[in-house]
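Enquirer: Just one file: upload.csv, with CSV, C-alpha atoms.
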```csv
chain,number,residue,atom,x,y,z
A,1397,MET,CA,15.9,207.8,103.4
A,1398,ILE,CA,12.2,208.5,102.7
A,1399,LEU,CA,12.6,207.4,99.1
A,1400,ALA,CA,14.4,204.2,100.1
A,1401,ILE,CA,11.7,203.3,102.6
A,1402,ALA,CA,8.9,204.0,100.1
A,1403,LEU,CA,10.6,201.9,97.4
A,1404,PHE,CA,11.2,199.0,99.9
A,1405,LEU,CA,7.5,199.1,101.1
A,1406,ILE,CA,6.2,199.1,97.5
A,1407,THR,CA,8.5,196.2,96.6
A,1408,LEU,CA,7.5,194.2,99.7
A,1409,VAL,CA,3.8,194.7,99.1
A,1410,LEU,CA,4.2,193.4,95.5
A,1411,VAL,CA,6.1,190.4,96.7
A,1412,ILE,CA,3.5,189.5,99.3
A,1413,TRP,CA,0.4,190.4,97.3
A,1414,GLN,CA,1.6,189.0,93.9
A,1415,PRO,CA,-1.1,190.9,91.9
A,1416,ARG,CA,-2.2,189.0,88.7
A,1417,GLY,CA,0.3,186.2,89.5
A,1418,LEU,CA,3.3,188.5,89.5
A,1419,GLN,CA,6.3,186.4,90.5
A,1420,ILE,CA,8.3,187.3,93.7
A,1421,GLY,CA,11.5,187.5,91.8
A,1422,THR,CA,10.1,189.8,89.1
A,1423,SER,CA,8.8,192.2,91.8
A,1424,ALA,CA,12.2,192.2,93.6
A,1425,VAL,CA,14.2,192.8,90.4
A,1426,ALA,CA,11.8,195.6,89.3
A,1427,GLY,CA,12.4,197.2,92.7
A,1428,ALA,CA,16.1,196.8,92.3
A,1429,ILE,CA,16.1,198.4,88.9
A,1430,ALA,CA,14.0,201.3,90.3
A,1431,ALA,CA,16.4,201.7,93.2
A,1432,VAL,CA,19.4,202.1,90.7
A,1433,ALA,CA,17.4,204.4,88.4
A,1434,LEU,CA,16.4,206.7,91.3
A,1435,GLY,CA,19.9,206.8,92.7
A,1436,VAL,CA,18.9,205.0,96.0
A,1437,VAL,CA,21.7,202.5,95.3
A,1438,SER,CA,24.6,202.5,92.8
A,1439,LEU,CA,25.8,199.9,90.4
A,1440,SER,CA,28.7,199.2,92.7
A,1441,ASP,CA,26.2,198.5,95.5
A,1442,VAL,CA,24.5,195.9,93.3
A,1443,TRP,CA,27.9,194.2,92.9
A,1444,THR,CA,28.4,194.3,96.7
A,1445,VAL,CA,25.0,192.8,97.3
A,1446,THR,CA,25.6,190.1,94.7
A,1447,SER,CA,28.9,189.2,96.4
A,1448,ILE,CA,27.1,188.8,99.7
A,1449,VAL,CA,24.2,186.6,98.6
A,1450,TRP,CA,25.5,184.6,95.6
A,1451,ASP,CA,26.7,181.7,97.8
A,1452,ALA,CA,23.5,181.6,99.9
A,1453,THR,CA,21.3,181.7,96.8
A,1454,LEU,CA,23.1,178.9,94.9
A,1455,ALA,CA,23.2,176.8,98.1
A,1456,PHE,CA,19.5,177.3,98.6
A,1457,ILE,CA,18.8,176.2,95.0
A,1458,GLY,CA,20.9,173.1,95.6
A,1459,ILE,CA,19.1,172.2,98.8
A,1460,ILE,CA,15.7,172.5,97.2
A,1461,LEU,CA,16.8,170.5,94.2
A,1462,LEU,CA,18.0,167.7,96.5
A,1463,SER,CA,14.8,167.8,98.4
A,1464,MET,CA,12.7,167.6,95.2
A,1465,VAL,CA,14.6,164.5,94.0
A,1466,LEU,CA,14.2,162.9,97.4
A,1467,ASP,CA,10.5,163.7,97.3
A,1468,GLU,CA,10.1,162.1,93.9
A,1469,ILE,CA,11.8,158.9,95.3
A,1470,GLY,CA,9.2,158.9,98.2
A,1471,PHE,CA,11.7,159.7,100.9
A,1472,PHE,CA,9.7,162.3,102.8
A,1473,GLU,CA,6.3,160.4,102.5
A,1474,TRP,CA,8.1,157.3,103.8
A,1475,ALA,CA,9.3,159.4,106.8
A,1476,ALA,CA,5.9,160.9,107.5
A,1477,LEU,CA,4.2,157.5,107.4
A,1478,LYS,CA,6.9,156.1,109.7
A,1479,MET,CA,6.2,158.8,112.2
A,1480,VAL,CA,2.5,158.2,112.1
A,1481,ARG,CA,3.0,154.5,112.6
A,1482,PHE,CA,5.3,155.1,115.5
A,1483,SER,CA,2.6,157.1,117.2
A,1484,LYS,CA,0.3,154.0,117.3
A,1485,GLY,CA,-2.7,156.2,116.9
A,1486,ASN,CA,-2.1,158.4,119.9
A,1487,GLY,CA,-3.0,161.9,118.7
A,1488,HIS,CA,-0.7,163.7,121.2
A,1489,VAL,CA,2.3,161.5,120.4
A,1490,MET,CA,1.6,162.0,116.7
A,1491,PHE,CA,1.6,165.7,117.2
A,1492,VAL,CA,5.0,165.6,118.8
A,1493,TYR,CA,6.5,163.1,116.3
A,1494,MET,CA,5.3,165.3,113.4
A,1495,MET,CA,7.1,168.3,114.9
A,1496,VAL,CA,10.2,166.2,115.4
A,1497,LEU,CA,10.0,165.2,111.7
A,1498,GLY,CA,9.6,168.9,110.7
A,1499,ALA,CA,12.6,169.8,112.8
A,1500,LEU,CA,14.8,167.2,111.1
A,1501,VAL,CA,13.6,168.2,107.6
A,1502,ALA,CA,14.3,171.9,108.4
A,1503,ALA,CA,17.7,171.1,109.7
A,1504,PHE,CA,19.0,169.2,106.7
A,1505,PHE,CA,16.8,170.5,103.9
A,1506,ALA,CA,16.1,174.1,105.0
A,1507,ASN,CA,12.9,175.6,106.3
A,1508,ASP,CA,11.7,176.3,102.8
A,1509,GLY,CA,12.1,172.7,101.9
A,1510,ALA,CA,9.9,171.8,104.9
A,1511,ALA,CA,7.3,174.2,103.7
A,1512,LEU,CA,7.3,173.1,100.1
A,1513,ILE,CA,7.8,169.3,100.5
A,1514,LEU,CA,6.5,168.2,103.9
A,1515,THR,CA,3.4,170.4,104.2
A,1516,PRO,CA,1.4,168.8,101.3
A,1517,ILE,CA,2.4,165.3,102.5
A,1518,ILE,CA,1.2,165.9,106.1
A,1519,LEU,CA,-2.0,167.6,104.8
A,1520,ALA,CA,-2.7,164.6,102.6
A,1521,LYS,CA,-2.2,162.2,105.4
A,1522,MET,CA,-4.5,164.2,107.8
A,1523,LYS,CA,-7.2,164.3,105.2
A,1524,TYR,CA,-6.9,160.5,104.7
A,1525,LEU,CA,-7.2,160.1,108.5
A,1526,ASN,CA,-10.4,162.2,108.4
A,1527,MET,CA,-9.2,164.8,110.8
A,1528,LYS,CA,-11.7,167.4,111.8
A,1529,PRO,CA,-10.9,171.2,111.1
A,1530,LEU,CA,-9.6,172.0,114.6
A,1531,PRO,CA,-7.1,169.2,114.9
A,1532,MET,CA,-6.0,169.7,111.3
A,1533,PHE,CA,-5.4,173.4,112.1
A,1534,ALA,CA,-3.3,172.5,115.1
A,1535,PHE,CA,-1.1,170.0,113.2
A,1536,LEU,CA,-0.7,172.5,110.3
A,1537,MET,CA,0.2,175.4,112.5
A,1538,ALA,CA,2.7,173.3,114.5
A,1539,GLY,CA,4.3,172.0,111.3
A,1540,GLY,CA,4.6,175.5,109.9
A,1541,PHE,CA,6.0,176.9,113.1
A,1542,ILE,CA,8.7,174.2,113.7
A,1543,GLY,CA,9.9,174.6,110.1
A,1544,ASP,CA,11.3,178.0,111.1
A,1545,SER,CA,12.0,177.6,114.8
A,1546,ALA,CA,14.1,174.5,114.2
A,1547,SER,CA,16.0,176.0,111.2
A,1548,ASN,CA,19.0,177.2,113.3
A,1549,PRO,CA,21.4,174.2,113.8
A,1550,LEU,CA,23.4,174.2,110.5
A,1551,ILE,CA,24.4,176.8,108.0
A,1552,ILE,CA,22.3,175.0,105.4
A,1553,SER,CA,19.2,175.0,107.5
A,1554,ASN,CA,18.0,178.5,106.4
A,1555,LEU,CA,18.9,181.1,103.7
A,1556,THR,CA,19.4,183.6,106.5
A,1557,ASN,CA,22.0,181.3,108.1
A,1558,ILE,CA,24.0,181.1,104.9
A,1559,VAL,CA,23.9,184.8,104.3
A,1560,THR,CA,25.1,185.6,107.8
A,1561,ALA,CA,27.7,182.9,107.9
A,1562,GLY,CA,29.1,184.2,104.6
A,1563,TYR,CA,29.0,187.8,105.8
A,1564,PHE,CA,30.9,187.1,109.1
A,1565,HIS,CA,33.0,184.2,107.7
A,1566,LEU,CA,31.5,181.7,110.2
A,1567,GLY,CA,32.8,178.1,109.7
A,1568,PHE,CA,30.4,175.2,109.3
A,1569,TRP,CA,31.7,173.4,112.4
A,1570,GLU,CA,32.0,176.6,114.5
A,1571,TYR,CA,28.4,177.5,113.6
A,1572,ALA,CA,27.0,174.0,114.4
A,1573,LYS,CA,28.7,174.0,117.8
A,1574,THR,CA,27.4,177.4,118.8
A,1575,MET,CA,23.9,176.7,117.6
A,1576,PHE,CA,23.5,173.2,119.0
A,1577,LEU,CA,22.1,174.2,122.4
A,1578,PRO,CA,19.9,177.1,121.2
A,1579,ASN,CA,18.4,175.0,118.5
A,1580,LEU,CA,17.7,172.1,120.9
A,1581,LEU,CA,16.1,174.5,123.4
A,1582,SER,CA,14.1,176.0,120.5
A,1583,ILE,CA,12.7,172.6,119.5
A,1584,ILE,CA,11.8,171.6,123.0
A,1585,ALA,CA,10.2,174.9,123.8
A,1586,SER,CA,8.3,174.9,120.4
A,1587,ILE,CA,6.9,171.4,121.1
A,1588,ALA,CA,6.0,172.3,124.7
A,1589,VAL,CA,4.4,175.7,124.0
A,1590,LEU,CA,2.5,174.5,120.9
A,1591,TRP,CA,1.2,171.4,122.7
A,1592,ILE,CA,0.0,173.5,125.6
A,1593,TYR,CA,-1.7,175.9,123.2
A,1594,PHE,CA,-3.4,173.2,121.1
A,1595,ARG,CA,-3.8,170.3,123.6
A,1596,LYS,CA,-7.6,170.6,123.8
A,1597,ASP,CA,-7.9,170.4,120.0
A,1598,ILE,CA,-5.7,167.3,119.5
A,1599,PRO,CA,-7.7,164.0,119.4
A,1600,THR,CA,-6.7,161.4,122.0
A,1601,HIS,CA,-6.9,158.6,119.4
A,1602,ILE,CA,-6.6,158.5,115.7
A,1603,ASP,CA,-7.5,155.4,113.6
A,1604,ILE,CA,-4.4,154.6,111.5
A,1605,GLY,CA,-5.5,151.1,110.6
A,1606,ASN,CA,-6.2,151.9,106.9
A,1607,LEU,CA,-3.1,154.0,106.5
A,1608,ALA,CA,-0.6,152.8,103.8
A,1609,THR,CA,2.7,151.2,104.9
A,1610,PRO,CA,5.8,153.4,104.8
A,1611,GLU,CA,7.4,151.0,102.3
A,1612,SER,CA,4.6,151.5,99.8
A,1613,ALA,CA,5.6,155.2,99.5
A,1614,ILE,CA,9.0,154.3,98.1
A,1615,LYS,CA,9.0,154.7,94.3
A,1616,ASN,CA,12.6,153.5,93.7
A,1617,MET,CA,14.1,151.2,96.3
A,1618,THR,CA,17.7,151.4,94.9
A,1619,MET,CA,17.7,155.2,95.1
A,1620,PHE,CA,16.1,155.1,98.5
A,1621,HIS,CA,18.9,153.1,100.0
A,1622,LEU,CA,21.6,155.1,98.1
A,1623,SER,CA,20.1,158.4,99.4
A,1624,TRP,CA,21.1,157.5,103.0
A,1625,TRP,CA,24.7,157.0,102.0
A,1626,PHE,CA,24.7,160.1,99.8
A,1627,LEU,CA,23.3,162.3,102.5
A,1628,GLY,CA,25.9,161.1,104.9
A,1629,LEU,CA,28.7,161.8,102.5
A,1630,LEU,CA,27.3,165.2,101.6
A,1631,MET,CA,27.2,166.1,105.3
A,1632,LEU,CA,30.9,165.0,105.6
A,1633,GLY,CA,31.6,167.1,102.5
A,1634,TYR,CA,30.3,170.2,104.3
A,1635,PHE,CA,32.8,169.7,107.1
A,1636,ILE,CA,35.6,169.0,104.7
A,1637,GLY,CA,34.7,172.1,102.8
A,1638,ASP,CA,34.7,174.1,106.0
A,1639,HIS,CA,38.3,173.0,106.7
A,1640,TYR,CA,39.4,174.2,103.3
A,1641,HIS,CA,37.2,177.4,103.4
A,1642,LEU,CA,35.2,176.4,100.4
A,1643,PRO,CA,31.8,178.0,99.7
A,1644,VAL,CA,28.8,176.1,101.0
A,1645,SER,CA,27.2,176.2,97.6
A,1646,VAL,CA,30.0,174.0,96.2
A,1647,PHE,CA,28.6,171.0,98.1
A,1648,ALA,CA,25.0,172.0,98.3
A,1649,LEU,CA,24.5,172.7,94.6
A,1650,GLY,CA,27.2,170.4,93.4
A,1651,GLY,CA,25.9,167.6,95.6
A,1652,ALA,CA,22.4,168.2,94.3
A,1653,LEU,CA,23.4,168.0,90.7
A,1654,ILE,CA,25.4,164.8,91.3
A,1655,PHE,CA,22.4,163.2,93.1
A,1656,LEU,CA,20.1,164.3,90.3
A,1657,GLY,CA,22.5,162.6,87.8
A,1658,ILE,CA,22.4,159.4,89.9
A,1659,ALA,CA,18.6,159.5,90.1
A,1660,THR,CA,18.4,160.0,86.3
A,1661,TYR,CA,20.7,157.0,85.8
A,1662,PHE,CA,18.3,154.8,87.9
A,1663,LYS,CA,15.3,156.4,86.2
A,1664,ALA,CA,14.0,157.7,89.4
A,1665,THR,CA,13.4,161.3,88.1
A,1666,LYS,CA,13.1,163.3,84.9
A,1667,PRO,CA,16.0,165.8,85.2
A,1668,ILE,CA,14.6,168.5,82.9
A,1669,MET,CA,11.3,168.7,84.7
A,1670,THR,CA,13.0,168.7,88.1
A,1671,ILE,CA,15.3,171.5,87.1
A,1672,LYS,CA,12.4,173.5,85.6
A,1673,ALA,CA,10.4,173.0,88.7
A,1674,ALA,CA,13.1,174.4,91.0
A,1675,PRO,CA,12.3,177.8,92.6
A,1676,TRP,CA,14.5,179.9,90.3
A,1677,GLN,CA,12.5,182.9,91.2
A,1678,VAL,CA,14.1,182.8,94.6
A,1679,VAL,CA,17.5,183.6,92.9
A,1680,TRP,CA,16.1,186.9,91.5
A,1681,PHE,CA,14.1,187.5,94.7
A,1682,SER,CA,17.3,187.3,96.9
A,1683,ILE,CA,19.4,189.5,94.7
A,1684,GLY,CA,16.7,192.0,93.9
A,1685,LEU,CA,15.3,192.5,97.4
A,1686,TYR,CA,18.7,192.8,98.9
A,1687,VAL,CA,19.6,195.5,96.4
A,1688,VAL,CA,16.4,197.4,97.5
A,1689,VAL,CA,17.3,196.8,101.2
A,1690,TYR,CA,20.8,198.2,100.6
A,1691,GLY,CA,19.1,201.5,99.8
A,1692,LEU,CA,17.9,201.5,103.5
A,1693,LYS,CA,21.5,201.0,104.5
A,1694,ASN,CA,22.5,204.0,102.3
A,1695,GLY,CA,19.7,206.0,103.9
A,1696,GLY,CA,21.2,205.5,107.4
A,1697,LEU,CA,19.0,202.8,108.9
A,1698,THR,CA,22.0,200.5,109.7
A,1699,THR,CA,23.8,203.3,111.5
A,1700,TYR,CA,20.7,203.9,113.7
A,1701,LEU,CA,20.4,200.2,114.4
A,1702,ALA,CA,24.1,200.0,115.1
A,1703,GLU,CA,23.7,202.7,117.8
A,1704,MET,CA,20.9,200.7,119.4
A,1705,ILE,CA,23.0,197.5,119.4
A,1706,THR,CA,26.0,199.5,120.9
A,1707,GLN,CA,23.7,200.7,123.7
A,1708,LEU,CA,22.5,197.2,124.4
A,1709,GLN,CA,26.2,196.0,124.6
A,1710,SER,CA,26.9,198.7,127.1
A,1711,MET,CA,24.3,197.2,129.4
A,1712,GLY,CA,26.0,193.7,129.4
A,1713,ASN,CA,26.0,190.5,127.4
A,1714,VAL,CA,22.6,189.3,128.5
A,1715,TYR,CA,20.9,192.5,127.3
A,1716,ALA,CA,23.0,192.5,124.1
A,1717,VAL,CA,22.0,188.9,123.1
A,1718,ILE,CA,18.4,189.0,124.1
A,1719,GLY,CA,17.9,192.6,122.9
A,1720,THR,CA,19.5,192.0,119.5
A,1721,GLY,CA,17.4,188.8,119.1
A,1722,PHE,CA,14.1,190.5,119.9
A,1723,LEU,CA,15.0,193.5,117.7
A,1724,SER,CA,15.7,191.2,114.8
A,1725,ALA,CA,12.5,189.3,115.5
A,1726,ILE,CA,10.3,192.4,115.6
A,1727,LEU,CA,11.8,193.8,112.4
A,1728,SER,CA,11.4,190.4,110.7
A,1729,SER,CA,7.8,190.2,111.6
A,1730,VAL,CA,6.9,193.5,110.0
A,1731,MET,CA,9.4,193.8,107.1
A,1732,ASN,CA,10.2,190.1,106.4
A,1733,ASN,CA,13.3,188.3,107.6
A,1734,MET,CA,15.1,188.3,104.3
A,1735,PRO,CA,15.8,192.1,104.3
A,1736,THR,CA,16.1,192.1,108.1
A,1737,ILE,CA,19.0,189.6,108.1
A,1738,MET,CA,21.1,191.8,105.8
A,1739,ILE,CA,20.2,195.1,107.5
A,1740,MET,CA,21.0,193.7,111.0
A,1741,ASP,CA,24.2,191.9,109.8
A,1742,ILE,CA,25.5,195.2,108.5
A,1743,ALA,CA,24.5,197.0,111.7
A,1744,ILE,CA,26.1,194.3,113.9
A,1745,GLY,CA,29.3,194.7,111.8
A,1746,GLU,CA,29.2,198.5,112.3
A,1747,ALA,CA,28.7,197.9,116.1
A,1748,GLY,CA,31.8,195.7,116.1
A,1749,ASN,CA,30.5,192.6,117.8
A,1750,SER,CA,30.2,189.6,115.3
A,1751,ALA,CA,29.2,187.3,118.2
A,1752,LEU,CA,25.7,188.9,118.1
A,1753,ALA,CA,25.3,187.4,114.6
A,1754,TYR,CA,23.9,184.3,116.2
A,1755,ALA,CA,21.3,186.2,118.1
A,1756,ASN,CA,20.4,187.9,114.9
A,1757,ILE,CA,19.9,184.6,113.1
A,1758,ILE,CA,17.7,183.2,115.9
A,1759,GLY,CA,15.6,186.4,115.9
A,1760,CYS,CA,15.3,186.4,112.1
A,1761,ASN,CA,14.3,182.7,112.1
A,1762,LEU,CA,11.8,182.8,114.9
A,1763,GLY,CA,10.5,186.3,114.8
A,1764,PRO,CA,8.8,185.9,111.4
A,1765,LYS,CA,6.3,183.4,113.0
A,1766,MET,CA,4.5,186.3,114.6
A,1767,THR,CA,3.0,187.4,111.3
A,1768,PRO,CA,2.2,185.8,107.9
A,1769,ILE,CA,4.6,188.1,106.1
A,1770,GLY,CA,7.6,187.4,108.3
A,1771,SER,CA,9.4,184.9,106.1
A,1772,LEU,CA,9.5,183.4,102.6
A,1773,ALA,CA,8.9,180.0,104.2
A,1774,THR,CA,5.6,181.1,105.7
A,1775,LEU,CA,4.5,182.7,102.5
A,1776,LEU,CA,5.3,179.5,100.6
A,1777,TRP,CA,3.6,177.4,103.3
A,1778,LEU,CA,0.4,179.5,103.1
A,1779,HIS,CA,0.6,179.3,99.3
A,1780,VAL,CA,0.9,175.5,99.3
A,1781,LEU,CA,-2.0,175.2,101.7
A,1782,ALA,CA,-4.2,177.6,99.6
A,1783,GLN,CA,-3.5,175.5,96.5
A,1784,LYS,CA,-4.7,172.4,98.5
A,1785,GLY,CA,-7.9,174.2,99.4
A,1786,VAL,CA,-6.9,175.1,103.0
A,1787,LYS,CA,-7.0,178.8,103.8
A,1788,ILE,CA,-5.7,180.2,107.1
A,1789,GLY,CA,-6.7,183.7,107.9
A,1790,TRP,CA,-4.2,186.3,108.9
A,1791,GLY,CA,-6.1,187.0,112.1
A,1792,GLU,CA,-6.0,183.3,113.0
A,1793,TYR,CA,-2.3,183.1,112.2
A,1794,ILE,CA,-1.3,186.2,114.1
A,1795,LYS,CA,-3.2,185.1,117.2
A,1796,VAL,CA,-1.2,181.9,117.4
A,1797,GLY,CA,2.1,183.5,116.4
A,1798,LEU,CA,2.0,186.3,119.0
A,1799,MET,CA,1.2,183.8,121.8
A,1800,VAL,CA,3.7,181.1,120.8
A,1801,THR,CA,6.7,183.0,119.4
A,1802,PRO,CA,8.0,185.2,122.2
A,1803,PRO,CA,8.5,182.5,124.9
A,1804,VAL,CA,10.2,180.1,122.4
A,1805,LEU,CA,12.4,182.9,121.1
A,1806,LEU,CA,13.5,183.8,124.7
A,1807,VAL,CA,14.4,180.2,125.5
A,1808,ALA,CA,16.4,179.9,122.3
A,1809,LEU,CA,18.3,183.1,123.0
A,1810,ILE,CA,19.1,182.0,126.5
A,1811,GLY,CA,20.9,179.1,124.9
A,1812,LEU,CA,23.5,181.5,123.6
A,1813,LEU,CA,24.4,182.9,127.0
```
Take the structure in the file and give it back as structure tokens.
Expert:
Amino acid sequence: MILAIALFLITLVLVIWQPRGLQIGTSAVAGAIAAVALGVVSLSDVWTVTSIVWDATLAFIGIILLSMVLDEIGFFEWAALKMVRFSKGNGHVMFVYMMVLGALVAAFFANDGAALILTPIILAKMKYLNMKPLPMFAFLMAGGFIGDSASNPLIISNLTNIVTAGYFHLGFWEYAKTMFLPNLLSIIASIAVLWIYFRKDIPTHIDIGNLATPESAIKNMTMFHLSWWFLGLLMLGYFIGDHYHLPVSVFALGGALIFLGIATYFKATKPIMTIKAAPWQVVWFSIGLYVVVYGLKNGGLTTYLAEMITQLQSMGNVYAVIGTGFLSAILSSVMNNMPTIMIMDIAIGEAGNSALAYANIIGCNLGPKMTPIGSLATLLWLHVLAQKGVKIGWGEYIKVGLMVTPPVLLVALIGLL
């Protein structure tokens, strides 16, 4: 157990720190190789982990590819400009609308898509509008928070959702029905709590007179119109696939490749460059880190967590749901939600109550917002901002995260009761 913990911590530090530009996937794979070499996990464990995460990883790549093509078309910039125009220069309304946009992007294009695609667009618009540092910080923090807090509604909305749905064989429609109310409450609570927290920093009026029109952002009108039909058909495909018990990645990755082909035909994208730019390191990161985490399971951590969950269940459903959600949230905030989701999924399976999988997902999606290391989306978000010259200190982030996350998490979990 001590060796498994030490190996996990070293791998996690390398993933977060990325010394000398070391890629996250490289660090995770190196950790996995070390875990096998040291006997922390076996080769059969590696196969088990791969069988658990392959669908989630391929689906994630598909979702990001689709997002990248839409971004090249100007889809997301058009949406951001629309939201700004709808606000009519009212800073508080703009704050709410931007969070609604973030929630929609997270729902259909995953929280990582929101971090990678939407963040630089919003930042560029805020700089163009000459926002001062405090309002800009408020908008950026709100955008980063909603990307995770609103990533519960669909299986495709977060990598953690896909992993858990695959582990417990949760159907697309079954999942969407169960998570509708918790996600809605999470969005409402996020907007309310973040607005209360930042209300004094949000400008009453913002001059949007010189802002470009939404239509000017569209780089290929034919693909823009086709994209709405395609996204509708793709969503229908997810539900059809659910009926026939097909893997989510069949439609997520398959749909993305078809859309890429269509965009190539209409000369809206350069396919080789788009494929190269896709976050392939996430593939190796997912498999490698989960192999390392499986060593914690072999060391007995899941058994200990299963006993805690069993005790919570003995106290009643309310304690079980809220307790499991907060347990997942705390673990995610200190050890990242990617390893936490697998560890907790296994523990919940051992405890024999798969219904708590939903509480685990909410905890793993919201809990990471308490610290900068909590989720891959947050790390990507911070990385994107740093590349654009905006640095948010860990102290600043944690101060907001600890104040905002617990009440939103509690409200979301109540939606499961």
Enquirer: Do you know which residues are at most 8 Å from segment 1783-1796 of chain A counting all atoms listed in the file, after dropping those on the same chain fewer than 6 positions away, and could you put them as JSON, numbers by chain?
Expert: {"A": [1516, 1766, 1767, 1768]}
Enquirer: Please provide as a VMD selection string all residues within 10 Å of Met1704 of chain A, with the sequence filter that same-chain residues fewer than 4 positions apart are discarded (counting all atoms listed in the file).
Expert: chain A and resid 1698 to 1700 1708 to 1710 1716 1719 to 1720 1723 1743 to 1744 1747
Enquirer: Quick one: everything within 7 Å of segment 1525-1534 of chain A, counting all atoms listed in the file, minus sequence neighbours fewer than 5 positions away in the same chain. Send it as JSON, numbers by chain.
Expert: {"A": [1594, 1597, 1598, 1599, 1603, 1604]}
Enquirer: Rank nothing, just name the residue among A:Leu1454, A:Met1397, A:Ile1671, A:Val1436 nearest to Val1646 of chain A, using all atoms listed in the file.
Expert: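 With all atoms listed in the file as the atom set, the closest residue is A:Leu1454.
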Enquirer: For segment 1754-1761 of chain A, list every protein, DNA or RNA residue within 6 Å, evaluated using only C-alpha atoms, and leave out those in the same chain fewer than 3 positions away; present the list as a list in words.
Expert: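 Near neighbours after the sequence-gap exclusion: Asp1544, Val1717, Gly1721, Phe1722, Ser1724, Ala1725, Ser1728 and Asn1733 of chain A.
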Enquirer: Do you know which residues lie at most 12 Å from (20.6, 174.6, 97.7), with coordinates as in the file and only C-alpha atoms counted, and could you write them as a PyMOL selection string?
Expert: chain A and resi 1450-1464+1504-1509+1551-1555+1558+1643-1653+1674-1676+1678-1679
Enquirer: Excluding Ala1424 of chain A and any residue of its chain fewer than 3 positions from it, enumerate the residues within 10 Å of it, using all atoms listed in the file, and give them as a list in words.
Expert: Phe1404, Ile1406, Thr1407, Leu1408, Leu1410, Val1411, Gln1419, Ile1420, Gly1421, Gly1427, Ala1428, Ile1429, Ala1430, Gln1677, Val1678, Trp1680, Phe1681, Ser1682, Ile1683, Gly1684, Leu1685, Tyr1686, Val1687 and Val1688 of chain A
Enquirer: Using all atoms listed in the file for the distances, tell me which of A:Gly1748, A:Pro1610, A:Gly1695, A:Gly1562 is nearest to Phe1471 of chain A.
Expert: A:Pro1610
Enquirer: Tell me, in Å to one decimal, how far atom CA of Asp1467 of chain A is from atom CA of Ser1423 of chain A.
Expert: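 A separation of 29.1 Å between them.
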Enquirer: Choose the residue, out of A:Leu1477, A:Ile1614, A:Gly1763, A:Leu1812, that has the smallest atom-to-atom separation from Leu1580 of chain A; count only C-alpha atoms.
Expert: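 Using only C-alpha atoms, the shortest distance to Leu1580 of chain A belongs to A:Leu1812.
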Enquirer: State, in Å with one decimal place, the distance from atom CA of Asn1749 of chain A to atom CA of Ile1726 of chain A.
Expert: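 Between these atoms lies a distance of 20.3 Å.
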Enquirer: Please compute the atom CA of Ala1538 of chain A-atom CA of Val1492 of chain A distance, one decimal, in Å.
Expert: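 Taking atom CA of Ala1538 of chain A and atom CA of Val1492 of chain A, their separation equals 9.1 Å.
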Enquirer: I'd like a table as JSON lines: residues in segment 1452-1505 of chain A with an atom no more than 10 Å from segment 1619-1626 of chain A, each row giving the shortest atom pair and its distance in Å to one decimal, only C-alpha atoms counted, sorted by chain and rising residue number.
Expert:
```
{"residue": "A:Leu1462", "atom": "CA", "partner": "A:Ser1623", "partner_atom": "CA", "distance": 10.0}
{"residue": "A:Val1465", "atom": "CA", "partner": "A:Ser1623", "partner_atom": "CA", "distance": 9.8}
{"residue": "A:Leu1466", "atom": "CA", "partner": "A:Ser1623", "partner_atom": "CA", "distance": 7.7}
{"residue": "A:Ile1469", "atom": "CA", "partner": "A:Phe1620", "partner_atom": "CA", "distance": 6.6}
{"residue": "A:Gly1470", "atom": "CA", "partner": "A:Phe1620", "partner_atom": "CA", "distance": 7.9}
{"residue": "A:Phe1471", "atom": "CA", "partner": "A:Phe1620", "partner_atom": "CA", "distance": 6.8}
{"residue": "A:Trp1474", "atom": "CA", "partner": "A:Phe1620", "partner_atom": "CA", "distance": 9.8}
```
Enquirer: Choose the residue, out of A:Leu1590, A:Val1489, A:Met1738, A:Ala1511, that has the smallest atom-to-atom separation from Val1804 of chain A; count all atoms listed in the file.
Expert: A:Leu1590
Enquirer: So, with all atoms listed in the file as the atoms that count, which of A:Ser1771, A:Asn1557, A:Ser1586, A:Thr1515 lies closest to Leu1806 of chain A?
Expert: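 Among the listed residues, A:Ser1586 lies closest to Leu1806 of chain A.
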Enquirer: So, counting all atoms listed in the file, which residue among A:Gly1567, A:Pro1578, A:Pro1735, A:Gly1485 is closest to Tyr1634 of chain A?
Expert: A:Gly1567
Enquirer: N, CA and C atoms for segment 1775-1780 of chain A, written as a CSV table (one decimal), in the frame of the given file, could you do that?
Expert:
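Once written, out.csv looks like this:
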```
chain,number,residue,atom,x,y,z
A,1775,LEU,N,5.3,182.3,103.7
A,1775,LEU,CA,4.5,182.7,102.5
A,1775,LEU,C,4.3,181.5,101.6
A,1776,LEU,N,5.4,180.7,101.4
A,1776,LEU,CA,5.3,179.5,100.6
A,1776,LEU,C,4.4,178.5,101.3
A,1777,TRP,N,4.4,178.4,102.6
A,1777,TRP,CA,3.6,177.4,103.3
A,1777,TRP,C,2.1,177.8,103.1
A,1778,LEU,N,1.8,179.1,103.3
A,1778,LEU,CA,0.4,179.5,103.1
A,1778,LEU,C,0.0,179.3,101.6
A,1779,HIS,N,0.9,179.5,100.7
A,1779,HIS,CA,0.6,179.3,99.3
A,1779,HIS,C,0.3,177.9,99.0
A,1780,VAL,N,1.1,177.0,99.5
A,1780,VAL,CA,0.9,175.5,99.3
A,1780,VAL,C,-0.4,175.1,99.9
```
